[in-house]
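Q: Dumping the structure here so I can ask a few things about it.
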Amino acid sequence: MSSTMHAIVQDSFGGPEVLRLAEVPRPAPLPTEILVRVHAAGVNPVDWKTRQGGGMAGVLGEPPFILGWDVSGVVEETGFGVTIFEPGDEVFGMPWFPRQAGAYAEYVTAPARHFARKPRAFGHEAAAGTPLAVLTAWQSLVDTAALGSGQRVLVHAAAGGVGHLAVQLARHAGAYVIGTASAARHDWLRSLGVDEVIDYTTISFEEAVRDVDVVLDLVGDSHDRTSTRSLEVLRPGGLLIAVPSGVAPELVERARERGVRATGILVEPDGAALARIAELIDKGELSVEVEDVFPLAEAAEAHRRGERGRTRGKIVLRVP
């Protein structure tokens with residue numbers, strides 16, 4: 001096996017043009033780690049925010065580094081102590097987040113338990129578009145909110161990468177699901193099980209909905225004060241989970257005064273949860289929408305597509 005591999009490297013913060021294809025050393029697995037031959041890598045908003053110097057740039061530090069956290073591929077090698085995978089196994093995962101995983105590459109290494117077996121129902125591209133988005137939704141609605149049957153949940157940006165998976169998980173939990181999205185996405189969201197869709201371009205959501213148990217805000221206060229306005233639709237004891245930028249202390253205090261709660265969240269690697277999610281996928285209870293697939297060498301164009309917004313589902317890189 002070659003000691004080098006191809007990867008997308010950035011040497012400085014900036015626009016998509018800073019992303020370049022390069023030959024770099026191939027990693028080797030440490031004890032408890034696996035070496036995965038990457039077949040596809042997901043592209044997420046945190047990727048282009050980090051590329052610009054925001055996102056997880058404070059964790060990664062100054063470039064050079066390799067972006068990407070969503071991986072689907074095949075186990076090439078196992079480190080000492082790994083018992084749950086062996087070479088040839090198809091796996092998917094979100095390793096190392098928020099530290100560097102280097103998913104925009106031909107190989108990655110990470111702890112075995114950051115991965116799960118790839119759903120049989122998914123090819124590598126669909127699987128690569130799943131982990132970060134679905135774990136964000138799972139850890140918000142299942143782990144944090146403990147969403148249950150009969151509860152009412154409002155998902156902002158319901159047609160996006162995290163949103164379209166969140167509404168399916170909420171439906172699976174038996175909740176009444178409300179989503180905000182442009183009118184062009186309404187029929188598709190209803191096909192995913194959304195009970196009520198609000199066109200945020202024509203009506204303020206707080207005028208259209210009340211008595212919500214959980215708000216999953218995938219937009220944030222930086223855009224039209226979405227988090228702050230969401231407090232108005234929560235019933236007493238309700239919970240606001242703000243994903244993109246968390247919640248300011250002032251918002252937490254305002255929520256307390258209204259008799260509700262507000263929290264931010266940052267997704268964590270969780271192979272055990274991904275294994276449970278893979279079961280839902282293989283039962284046909286959860287699907288992922290992949291809107292665009294780009295070759296690895298065109299990572300810059302994939303970022304440009306994502307930054308234009310209005311993506312239905314996910315963007316993925318195919319690794320040759």
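Simple scheme: letters A, B, ... for chains in structure tokens order, numbers from 1 for residues in each chain, numbers from 1 for ligands in the order shown.
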Contacts of A:Leu135 at 8 Å or less, counting only C-alpha atoms, minus same-chain residues fewer than 3 places along, as JSON, numbers by chain?
A: {"A": [131, 132, 138, 139, 267, 268, 269, 270, 273, 274]}
Q: Contacts of A:Ser245 at 9 Å or less, counting only C-alpha atoms, minus same-chain residues fewer than 6 places along, as a count of residues only?
A: 6
Q: Give me every strand (DSSP E) residue in stretch 24-217 of chain A, going by DSSP on the backbone, as a count of residues only.
A: 54
Q: Restrict the calculation to only C-alpha atoms, then for each residue of stretch 122-191 of chain A with any atom at most 8 Å from an atom of stretch 197-214 of chain A give the closest atom pair and their distance in Å to one decimal, rows by chain and rising residue number, as a tab-separated table.
A:
```
residue	atom	partner	partner_atom	distance
A:Ala145	CA	A:Val214	CA	7.2
A:Leu147	CA	A:Val214	CA	7.8
A:Gln151	CA	A:Asp213	CA	6.0
A:Arg152	CA	A:Val212	CA	5.0
A:Val153	CA	A:Val214	CA	4.7
A:Leu154	CA	A:Val214	CA	6.3
A:Ile178	CA	A:Val197	CA	5.7
A:Gly179	CA	A:Val197	CA	4.9
A:Thr180	CA	A:Ile198	CA	4.7
A:Ala181	CA	A:Asp199	CA	5.4
A:Ser182	CA	A:Asp199	CA	5.0
A:Ala183	CA	A:Asp199	CA	5.6
A:His186	CA	A:Val197	CA	6.2
A:Leu189	CA	A:Val197	CA	7.7
A:Arg190	CA	A:Val197	CA	7.7
```
Q: Got a sec: who's within 10 Å of A:Arg51, counting only C-alpha atoms, leaving out chain neighbours fewer than 3 positions off, as a list in words?
A: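 Listed by chain and then number, they are Gln10, Asp11, Ser12, Phe13, Gly14, Gly15, Pro16, Val18, Leu19, Pro45, Val46, Asp47, Trp48, Gly54, Gly55, Met56, Ala57, Pro63, Phe65, Ile66, Leu67 and His303 of chain A.
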Q: To one decimal place in Å, what is the distance between atom CA of A:Asp217 and atom CA of A:Ile241?
A: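 About the pair atom CA of A:Asp217 and atom CA of A:Ile241: they are 6.0 Å apart.
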Q: If we count only C-alpha atoms and set the cut-off at 9 Å, which residues sit around A:Val215, ignoring sequence neighbours fewer than 4 positions away in its own chain? Please answer as number ranges by chain.
A: A: 152-156, 227, 230-231, 233-234, 238-242
Q: Assign secondary structure with DSSP using the backbone only, and return the residues of stretch 47-249 of chain A in alpha helix (DSSP H) as a short mmCIF file (atom, residue, chain, number, x, y, z; two decimals) with N, CA and C atoms, in the first residue's frame.
A:
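Here's the written file out.cif:
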```
data_model
loop_
_atom_site.label_atom_id
_atom_site.label_comp_id
_atom_site.auth_asym_id
_atom_site.auth_seq_id
_atom_site.Cartn_x
_atom_site.Cartn_y
_atom_site.Cartn_z
N ASP A 47 -18.32 22.89 7.38
CA ASP A 47 -17.11 22.78 6.56
C ASP A 47 -16.75 24.13 5.95
N TRP A 48 -17.72 24.75 5.27
CA TRP A 48 -17.36 26.02 4.63
C TRP A 48 -17.21 27.15 5.62
N LYS A 49 -17.92 27.07 6.76
CA LYS A 49 -17.68 28.08 7.81
C LYS A 49 -16.26 27.96 8.36
N THR A 50 -15.79 26.72 8.56
CA THR A 50 -14.43 26.49 9.04
C THR A 50 -13.41 26.94 8.00
N ARG A 51 -13.70 26.64 6.75
CA ARG A 51 -12.79 27.07 5.67
C ARG A 51 -12.58 28.58 5.69
N GLN A 52 -13.63 29.32 6.04
CA GLN A 52 -13.57 30.78 6.06
C GLN A 52 -12.88 31.33 7.32
N ALA A 57 -12.82 26.39 13.23
CA ALA A 57 -11.45 26.87 13.02
C ALA A 57 -10.73 27.11 14.35
N GLY A 58 -11.47 27.52 15.36
CA GLY A 58 -10.86 27.74 16.66
C GLY A 58 -10.36 26.45 17.29
N VAL A 59 -10.96 25.32 16.89
CA VAL A 59 -10.51 24.01 17.38
C VAL A 59 -9.34 23.50 16.54
N LEU A 60 -9.46 23.63 15.22
CA LEU A 60 -8.43 23.11 14.33
C LEU A 60 -7.15 23.95 14.35
N HIS A 124 -22.66 4.26 -0.69
CA HIS A 124 -21.71 5.07 0.08
C HIS A 124 -22.05 6.56 0.04
N GLU A 125 -22.58 7.03 -1.08
CA GLU A 125 -22.86 8.46 -1.17
C GLU A 125 -23.98 8.87 -0.21
N ALA A 126 -25.05 8.11 -0.18
CA ALA A 126 -26.13 8.42 0.76
C ALA A 126 -25.64 8.26 2.20
N ALA A 127 -24.84 7.22 2.45
CA ALA A 127 -24.34 6.99 3.81
C ALA A 127 -23.43 8.14 4.25
N ALA A 128 -22.62 8.66 3.32
CA ALA A 128 -21.71 9.75 3.67
C ALA A 128 -22.46 11.04 3.98
N PRO A 131 -24.16 10.99 8.64
CA PRO A 131 -23.78 10.99 10.06
C PRO A 131 -23.89 12.31 10.79
N LEU A 132 -23.23 13.38 10.32
CA LEU A 132 -23.25 14.63 11.08
C LEU A 132 -24.66 15.18 11.20
N ALA A 133 -25.41 15.14 10.11
CA ALA A 133 -26.77 15.67 10.12
C ALA A 133 -27.69 14.84 11.01
N VAL A 134 -27.64 13.52 10.85
CA VAL A 134 -28.58 12.70 11.61
C VAL A 134 -28.21 12.66 13.09
N LEU A 135 -26.91 12.68 13.42
CA LEU A 135 -26.52 12.70 14.83
C LEU A 135 -26.90 14.03 15.48
N THR A 136 -26.82 15.13 14.73
CA THR A 136 -27.29 16.40 15.27
C THR A 136 -28.76 16.32 15.61
N ALA A 137 -29.55 15.78 14.70
CA ALA A 137 -30.99 15.63 14.94
C ALA A 137 -31.26 14.67 16.09
N TRP A 138 -30.57 13.53 16.10
CA TRP A 138 -30.78 12.50 17.13
C TRP A 138 -30.41 13.03 18.51
N GLY A 161 -30.23 19.84 5.40
CA GLY A 161 -29.57 18.58 5.69
C GLY A 161 -29.96 17.97 7.02
N VAL A 162 -29.89 18.77 8.08
CA VAL A 162 -30.31 18.28 9.40
C VAL A 162 -31.84 18.23 9.48
N GLY A 163 -32.48 19.25 8.93
CA GLY A 163 -33.92 19.38 9.08
C GLY A 163 -34.70 18.22 8.52
N HIS A 164 -34.36 17.75 7.31
CA HIS A 164 -35.19 16.69 6.72
C HIS A 164 -35.01 15.36 7.45
N LEU A 165 -33.88 15.20 8.13
CA LEU A 165 -33.70 14.01 8.97
C LEU A 165 -34.39 14.18 10.32
N ALA A 166 -34.35 15.40 10.86
CA ALA A 166 -35.01 15.67 12.14
C ALA A 166 -36.51 15.43 12.06
N VAL A 167 -37.15 15.86 10.98
CA VAL A 167 -38.59 15.67 10.89
C VAL A 167 -38.95 14.19 10.81
N GLN A 168 -38.08 13.39 10.17
CA GLN A 168 -38.35 11.95 10.11
C GLN A 168 -38.18 11.29 11.48
N LEU A 169 -37.15 11.71 12.23
CA LEU A 169 -36.97 11.16 13.57
C LEU A 169 -38.11 11.57 14.48
N ALA A 170 -38.57 12.81 14.34
CA ALA A 170 -39.70 13.27 15.16
C ALA A 170 -40.96 12.48 14.83
N ARG A 171 -41.18 12.25 13.55
CA ARG A 171 -42.34 11.44 13.13
C ARG A 171 -42.22 10.03 13.71
N HIS A 172 -41.01 9.45 13.65
CA HIS A 172 -40.81 8.11 14.19
C HIS A 172 -41.10 8.06 15.68
N HIS A 186 -42.77 22.12 0.28
CA HIS A 186 -43.86 21.65 1.15
C HIS A 186 -44.32 20.24 0.81
N ASP A 187 -44.56 19.96 -0.47
CA ASP A 187 -45.05 18.62 -0.82
C ASP A 187 -44.04 17.55 -0.43
N TRP A 188 -42.76 17.83 -0.67
CA TRP A 188 -41.72 16.86 -0.31
C TRP A 188 -41.70 16.63 1.19
N LEU A 189 -41.78 17.70 1.98
CA LEU A 189 -41.76 17.54 3.44
C LEU A 189 -42.98 16.78 3.93
N ARG A 190 -44.12 17.00 3.32
CA ARG A 190 -45.30 16.22 3.71
C ARG A 190 -45.09 14.74 3.41
N SER A 191 -44.38 14.44 2.31
CA SER A 191 -44.10 13.04 1.99
C SER A 191 -43.18 12.40 3.00
N PHE A 205 -43.70 32.72 11.54
CA PHE A 205 -44.09 31.42 12.13
C PHE A 205 -44.79 31.59 13.46
N GLU A 206 -44.43 32.63 14.22
CA GLU A 206 -45.06 32.79 15.54
C GLU A 206 -46.52 33.20 15.44
N GLU A 207 -46.95 33.61 14.24
CA GLU A 207 -48.36 33.91 14.02
C GLU A 207 -49.14 32.67 13.61
N ALA A 208 -48.42 31.62 13.21
CA ALA A 208 -49.07 30.44 12.65
C ALA A 208 -49.10 29.23 13.58
N THR A 226 -34.46 34.31 14.84
CA THR A 226 -35.31 33.12 14.84
C THR A 226 -35.38 32.46 16.20
N SER A 227 -34.24 32.35 16.91
CA SER A 227 -34.26 31.70 18.22
C SER A 227 -35.11 32.49 19.22
N THR A 228 -34.89 33.79 19.28
CA THR A 228 -35.63 34.63 20.22
C THR A 228 -37.12 34.57 19.93
N ARG A 229 -37.50 34.67 18.67
CA ARG A 229 -38.91 34.62 18.30
C ARG A 229 -39.52 33.27 18.61
N SER A 230 -38.69 32.21 18.57
CA SER A 230 -39.21 30.86 18.83
C SER A 230 -39.69 30.68 20.26
N PRO A 249 -26.40 34.15 26.78
CA PRO A 249 -26.92 34.18 28.14
C PRO A 249 -28.22 34.97 28.25
#
```
Q: Go through A:Pro31, A:Tyr107, A:Ala146, A:Gly73 one by one, measure the shortest atom-to-atom distance of each to A:Thr4 using only C-alpha atoms, and give the residue with the smallest value.
A: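 For A:Thr4, the nearest of the candidates is A:Tyr107.
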Q: Write out as a compact mmCIF listing (two decimals) with C-alpha atoms, in the first residue's frame which residues come within 10 Å of A:Ala105 when counting only C-alpha atoms, dropping same-chain ones fewer than 5 positions away.
A:
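Printed below is result_2.txt as written:
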```
# COMPACT_ATOMS: atom_id res chain seq x y z
CA MET A 5 -2.82 9.56 -0.56
CA HIS A 6 -4.78 12.33 -2.25
CA ALA A 7 -6.65 14.82 -0.10
CA ILE A 8 -8.18 18.29 -0.30
CA VAL A 9 -5.92 20.64 1.66
CA LEU A 21 -6.01 18.61 -4.28
CA ALA A 22 -2.67 17.47 -2.89
CA GLU A 23 -0.65 14.34 -2.14
CA VAL A 24 -0.16 13.89 1.61
CA ARG A 26 -1.45 8.31 4.44
CA ARG A 37 -10.72 3.71 2.64
CA VAL A 38 -13.09 6.59 1.98
CA HIS A 39 -15.61 6.08 -0.82
CA ALA A 40 -17.61 9.27 -0.16
CA ALA A 41 -17.48 12.26 2.19
CA ILE A 66 -7.99 18.80 5.75
CA LEU A 67 -11.69 19.51 6.13
CA GLY A 68 -14.58 17.10 6.48
CA VAL A 71 -17.30 9.43 6.03
CA LEU A 296 -13.29 14.95 -4.60
CA ALA A 297 -11.20 17.19 -6.84
CA LEU A 317 -18.02 14.27 -2.45
CA VAL A 319 -13.77 9.79 -3.62
CA PRO A 320 -12.30 7.84 -6.58
```
Q: Can I get the residues of stretch 92-167 of chain A within 7 Å of stretch 277-292 of chain A, each with the closest pair of atoms and their distance in Å to one decimal, using only C-alpha atoms, sorted chain first then ascending number, as CSV?
A:
```
residue,atom,partner,partner_atom,distance
A:Lys118,CA,A:Ala278,CA,6.9
A:Pro119,CA,A:Ala278,CA,4.9
A:Arg120,CA,A:Asp282,CA,6.3
A:Ala121,CA,A:Asp282,CA,5.4
A:Ala126,CA,A:Val290,CA,6.3
A:Gly129,CA,A:Val290,CA,6.9
A:Thr130,CA,A:Val288,CA,6.6
A:Leu165,CA,A:Val288,CA,6.8
```
Q: Restricted to all heavy atoms, what would the selected residues look like written as a PDB file, in the first residue's frame?
A:
```
ATOM      1  N   LYS A 118     -22.300   0.407   7.781  1.00  0.00           N
ATOM      2  CA  LYS A 118     -23.104   1.167   6.832  1.00  0.00           C
ATOM      3  C   LYS A 118     -24.465   0.495   6.639  1.00  0.00           C
ATOM      4  O   LYS A 118     -24.550  -0.729   6.544  1.00  0.00           O
ATOM      5  CB  LYS A 118     -22.375   1.255   5.487  1.00  0.00           C
ATOM      6  CG  LYS A 118     -23.112   2.060   4.425  1.00  0.00           C
ATOM      7  CD  LYS A 118     -22.359   2.081   3.112  1.00  0.00           C
ATOM      8  CE  LYS A 118     -22.407   0.758   2.386  1.00  0.00           C
ATOM      9  NZ  LYS A 118     -23.783   0.376   1.956  1.00  0.00           N
ATOM     10  N   PRO A 119     -25.537   1.286   6.581  1.00  0.00           N
ATOM     11  CA  PRO A 119     -26.843   0.684   6.289  1.00  0.00           C
ATOM     12  C   PRO A 119     -26.814  -0.083   4.970  1.00  0.00           C
ATOM     13  O   PRO A 119     -26.254   0.398   3.975  1.00  0.00           O
ATOM     14  CB  PRO A 119     -27.783   1.899   6.190  1.00  0.00           C
ATOM     15  CG  PRO A 119     -27.083   2.993   6.922  1.00  0.00           C
ATOM     16  CD  PRO A 119     -25.622   2.747   6.754  1.00  0.00           C
ATOM     17  N   ARG A 120     -27.393  -1.250   4.959  1.00  0.00           N
ATOM     18  CA  ARG A 120     -27.423  -2.047   3.731  1.00  0.00           C
ATOM     19  C   ARG A 120     -28.224  -1.344   2.637  1.00  0.00           C
ATOM     20  O   ARG A 120     -27.963  -1.509   1.452  1.00  0.00           O
ATOM     21  CB  ARG A 120     -28.033  -3.419   4.019  1.00  0.00           C
ATOM     22  CG  ARG A 120     -27.199  -4.283   4.971  1.00  0.00           C
ATOM     23  CD  ARG A 120     -27.803  -5.664   5.129  1.00  0.00           C
ATOM     24  NE  ARG A 120     -29.187  -5.603   5.627  1.00  0.00           N
ATOM     25  CZ  ARG A 120     -29.509  -5.483   6.913  1.00  0.00           C
ATOM     26  NH1 ARG A 120     -28.543  -5.421   7.831  1.00  0.00           N
ATOM     27  NH2 ARG A 120     -30.769  -5.441   7.289  1.00  0.00           N
ATOM     28  N   ALA A 121     -29.212  -0.559   3.049  1.00  0.00           N
ATOM     29  CA  ALA A 121     -30.099   0.099   2.090  1.00  0.00           C
ATOM     30  C   ALA A 121     -29.459   1.291   1.396  1.00  0.00           C
ATOM     31  O   ALA A 121     -30.009   1.804   0.424  1.00  0.00           O
ATOM     32  CB  ALA A 121     -31.381   0.549   2.805  1.00  0.00           C
ATOM     33  N   ALA A 126     -25.049   8.114  -0.181  1.00  0.00           N
ATOM     34  CA  ALA A 126     -26.126   8.416   0.764  1.00  0.00           C
ATOM     35  C   ALA A 126     -25.642   8.259   2.199  1.00  0.00           C
ATOM     36  O   ALA A 126     -25.967   9.065   3.074  1.00  0.00           O
ATOM     37  CB  ALA A 126     -27.330   7.510   0.508  1.00  0.00           C
ATOM     38  N   GLY A 129     -23.652  11.195   3.424  1.00  0.00           N
ATOM     39  CA  GLY A 129     -24.437  12.381   3.702  1.00  0.00           C
ATOM     40  C   GLY A 129     -25.215  12.326   4.989  1.00  0.00           C
ATOM     41  O   GLY A 129     -25.918  13.288   5.335  1.00  0.00           O
ATOM     42  N   THR A 130     -25.065  11.235   5.739  1.00  0.00           N
ATOM     43  CA  THR A 130     -25.946  11.010   6.880  1.00  0.00           C
ATOM     44  C   THR A 130     -25.378  11.370   8.250  1.00  0.00           C
ATOM     45  O   THR A 130     -26.077  12.013   9.053  1.00  0.00           O
ATOM     46  CB  THR A 130     -26.394   9.530   6.894  1.00  0.00           C
ATOM     47  OG1 THR A 130     -27.014   9.211   5.650  1.00  0.00           O
ATOM     48  CG2 THR A 130     -27.379   9.253   8.019  1.00  0.00           C
ATOM     49  N   LEU A 165     -33.880  15.197   8.133  1.00  0.00           N
ATOM     50  CA  LEU A 165     -33.703  14.006   8.970  1.00  0.00           C
ATOM     51  C   LEU A 165     -34.387  14.180  10.316  1.00  0.00           C
ATOM     52  O   LEU A 165     -34.973  13.235  10.862  1.00  0.00           O
ATOM     53  CB  LEU A 165     -32.212  13.715   9.144  1.00  0.00           C
ATOM     54  CG  LEU A 165     -31.522  13.248   7.864  1.00  0.00           C
ATOM     55  CD1 LEU A 165     -30.005  13.385   7.979  1.00  0.00           C
ATOM     56  CD2 LEU A 165     -31.893  11.808   7.542  1.00  0.00           C
TER      57      LEU A 165
END
```
Q: Which residue is closest to A:Thr311? Choose from A:Leu251, A:Ala157, A:Ala299, A:Ile84 and count only C-alpha atoms.
A: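 When distances to A:Thr311 are compared using only C-alpha atoms, the smallest one comes from A:Ala157.
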Q: Just give me the gap between atom CA of A:Arg256 and atom CA of A:Ala173 in Å, one decimal is fine.
A: 26.7 Å
Q: Residues within 6 Å of A:Glu33, please, as a list in words. Count only C-alpha atoms; anything in the same chain fewer than 4 positions from it doesn't count.
A: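 Here the qualifying residues turn out to be Pro29, Gly79, Ala110, Pro111 and Ala112 of chain A.
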Q: I need the chosen residues saved as a tab-separated table (two decimals), in the first residue's frame, with all heavy atoms.
A:
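Wrote it out as result08.tsv, contents follow:
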```tsv
chain	number	residue	atom	x	y	z
A	29	PRO	N	-3.43	3.42	11.49
A	29	PRO	CA	-4.26	3.34	12.70
A	29	PRO	C	-3.45	3.05	13.94
A	29	PRO	O	-2.55	2.19	13.94
A	29	PRO	CB	-5.21	2.18	12.39
A	29	PRO	CG	-4.45	1.32	11.42
A	29	PRO	CD	-3.62	2.27	10.60
A	79	GLY	N	-6.38	-1.40	14.02
A	79	GLY	CA	-5.33	-1.30	15.01
A	79	GLY	C	-5.50	-2.32	16.11
A	79	GLY	O	-6.55	-2.99	16.22
A	110	ALA	N	-9.50	6.68	12.76
A	110	ALA	CA	-10.25	7.17	13.91
A	110	ALA	C	-10.60	5.99	14.80
A	110	ALA	O	-10.52	4.82	14.37
A	110	ALA	CB	-11.54	7.89	13.47
A	111	PRO	N	-10.99	6.26	16.05
A	111	PRO	CA	-11.43	5.17	16.92
A	111	PRO	C	-12.55	4.35	16.28
A	111	PRO	O	-13.47	4.90	15.67
A	111	PRO	CB	-11.92	5.90	18.17
A	111	PRO	CG	-11.11	7.16	18.20
A	111	PRO	CD	-10.97	7.55	16.76
A	112	ALA	N	-12.47	3.06	16.41
A	112	ALA	CA	-13.46	2.17	15.80
A	112	ALA	C	-14.88	2.52	16.23
A	112	ALA	O	-15.81	2.43	15.43
A	112	ALA	CB	-13.13	0.71	16.15
```
Q: Using only C-alpha atoms, can you tell me which of A:Pro64, A:Phe115, A:Val82, A:Ala101 comes closest to A:Ala272?
A: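 Closest candidate: A:Phe115.
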Q: What is the distance, in Å and to one decimal place, between atom CA of A:Arg20 and atom CA of A:Glu298?
A: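 Atom CA of A:Glu298 lies at a distance of 8.8 Å from atom CA of A:Arg20.
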Q: Write out as a short mmCIF file (atom, residue, chain, number, x, y, z; two decimals) with C-alpha atoms, in the first residue's frame which residues come within 9 Å of A:Arg310 when counting only C-alpha atoms, dropping same-chain ones fewer than 4 positions away.
A:
```cif
data_model
loop_
_atom_site.label_atom_id
_atom_site.label_comp_id
_atom_site.auth_asym_id
_atom_site.auth_seq_id
_atom_site.Cartn_x
_atom_site.Cartn_y
_atom_site.Cartn_z
CA ALA A 159 -35.84 20.93 4.20
CA GLY A 160 -32.12 21.25 4.94
CA SER A 182 -40.24 27.70 1.31
CA GLY A 306 -23.60 24.75 -0.47
#
```
